[in-house]
Amino acid sequence: MDYRKERIRSGCQKIVEGINSMSLVNLDDQQVHSLVMMREIARGVVDDRDKKVTKSDVITALRYSIDKMVCASRDIIQILSRMSFEGLDDQRMHLVTRMKEIAHGIVDKQPRVPLTKPDLLAEQVGFVDEGMRDSPLVESTKICNGDALINSAQSMTNEDEMLDVEHVLSFENGIDEVQESLPPCFRQYLMWPPDDCVTTEWVQYMMVFLEQASQKILPSEFCRVVSTILVDKLADAACSILCKEPNCVEIICQEDSRIIVVGDIHGQFHDLMFLFKHAGVPSENQIYVFNGNYVDRGAWGIEVFLVLLAWKVLMPHRVYLLRGNHESRYCTARYGFKKEVWAKYGDQGEEVYNKFLVCFKALPLASVIASCVYTTHGGLFRSIHAAPSQKLKRNKTHRVDLGSLAELSEVKRFFVDCPHEGPNVLLSDVLWSRPSTGDGLRDNTGQKFGLWWGPDCTEAFLKQHNLKLIIRSHEGPDARAGRDDDFGDILSGYSLDHDGELGKLYTLFSAPHYPQFGKRRYNNKGAYAVLKSPDFASPSFHSFKAAERPMVDHYVDFDAYNMDSSKLDSSQSASTSTLCAPQRVYPDGMGPEYDFGALGIYNAPCWSVELPDGSGGTQVVEVPRASLVEGLPLPPNIQEPHKGAYEYLLELVGGLKHMIVARETENRALVSALRSRARKRKGKGNS
């Protein structure tokens, strides 16, 4: 059976490759539609997707092609603008001029496309779709076949013959009604801004767009609305800024400056959006410093990181993005971000993932604000002169000397993973180290990276650099729950860890109701710190509750938590068949027995609920089946899949009602027993 399935998948892969290699120039719209439909069906088999391929899938694929055409046209304009036309005869000069006009017409008129002859759409798709060759525009870049180009695209600049994308992409050929479609607000892509000019309006629109997309589209549709082209351009623009920043960035403040420091976000995009709404977005007098851990564990690491990169490009001296320990291949392969990228970008996932890794390497490691506040993700670090020349045995406590900011500035930070040894081991220290109640600086024998440092080291570091405050992150309520010292639990989003004569050390955590997935969650708040004149070293902390967020499938491999981290191969890659379609986890035997997706419901309620566990967190409790469900049987005129959905939901409501009644009965019995005991004790007292 597995051999037969593999043969089918192999055959479908050949179909995809064959259609991608075809020239569509001489095909009409209906033929293009049929080919793209065939390709999407074959791709679904290759990627092991259960979802039915519909008319809307073809439409979104064509829209994606048009988006790529627009971006490519912008590139053509830029190339032609830099070219020297010396030596060209009149005919070739005319062709180049017409080519530039056509490219301008495509860019200026998007998202509207011309419909002047049946094969024009085919020409556009032939130019931009995956590997499809022999496009007129491709040929035009070689300054050949120019007459054909002009004749076939002459009306691109004729406004009288412009039609909406919906009109162009509508096929009246008797195809079944659309089963699934993107909401109206996603019939256009998030386009890269013209002339590569990122504006405040574009970034704010991007935030709203991604927030709505997270509510209304499947992860597998994400690549349709946020193309790899946009990711590439945004990442490249941000990296060109980040790679020029020093390891420790110096943030100069004015009297009216307001500095907001943010801790771990961990892919909780909706909480980041709430933070921006609550505290305000970056501006000329409001500077943001993010302490890292933008991805992993949460379901929207891509959205979080893209928004922050956009703000960085827009306001490079008002937004500072520091690196966290999860901005690495080691962590993202283990805690969900790599899986998230594959789920949202499919067979383009590896390319997008590697692009993000390049950005991670470029992130600075620390900041000094107003010459008095030091921020970083993990904390303090050893002296470069005391760095071990070979890997230490982690079962022995090794005392090391405290490092300086001058030494930190010398570290080579452009590693995708933290080194275990050598002078650049400081990169591991600054991202992974943790404070302790005991004095001294020593290796953390309980984990693979980082150090423990005590209050005496905090005082020494502040004194050495004339600082008054340290704000670090890295630890959430889960990390503090297992500690037996007097450190705070971070349930309010922050904790005062060291309070000395020269200054203080705070831990700041900005991911409320953490973690998003797993059986053990903490009803913690997130927090951000505000620093402002006249005393930037006296922060005010603002706690906030979790924002409402949609139910989604997890990307975290929970078995990985039990793995020996030393055995994890950080270079391992996952196949698209295992990562493109993450499945929702239901209790055994209690999942739905039909396809909710046919109704457009992709986060169906399951037979488990989260309830308080009595110790500040929550626990997952399975809902028992009710022996009798009110409302069944259903009227006979209800058709599938609605009938199955109603039955499932009514059974679940019946189970919840049964559970609530049973708990209420138990509570009443307990209260009655307590009252009875109280009366008996009172009676004995009177006698």
# chains A, B, ... in the order shown; residues from 1 in each chain; ligands from 1
>>> residues_around(residues="His385 of chain A", least_positions_apart="2", cutoff="12 Å", atoms="only C-alpha atoms", output="list in words")
Phe381, Arg382, Ser383, Ala387, Pro388, Ser389, Val400, Asp401, Leu402, Gly403, Ser404, Glu407, Leu408, Glu410, Val411, Gly422, Pro423, Asn424, Val425 and Leu426 of chain A
>>> closest_residue(among="A:Pro219, A:Gly683, A:Gly105, A:Gly324", to="Val262 of chain A", atoms="only C-alpha atoms")
A:Gly324
>>> closest_residue(among="A:Val368, A:Ala479, A:Ala511, A:Leu634", to="Cys253 of chain A", atoms="only C-alpha atoms")
A:Val368
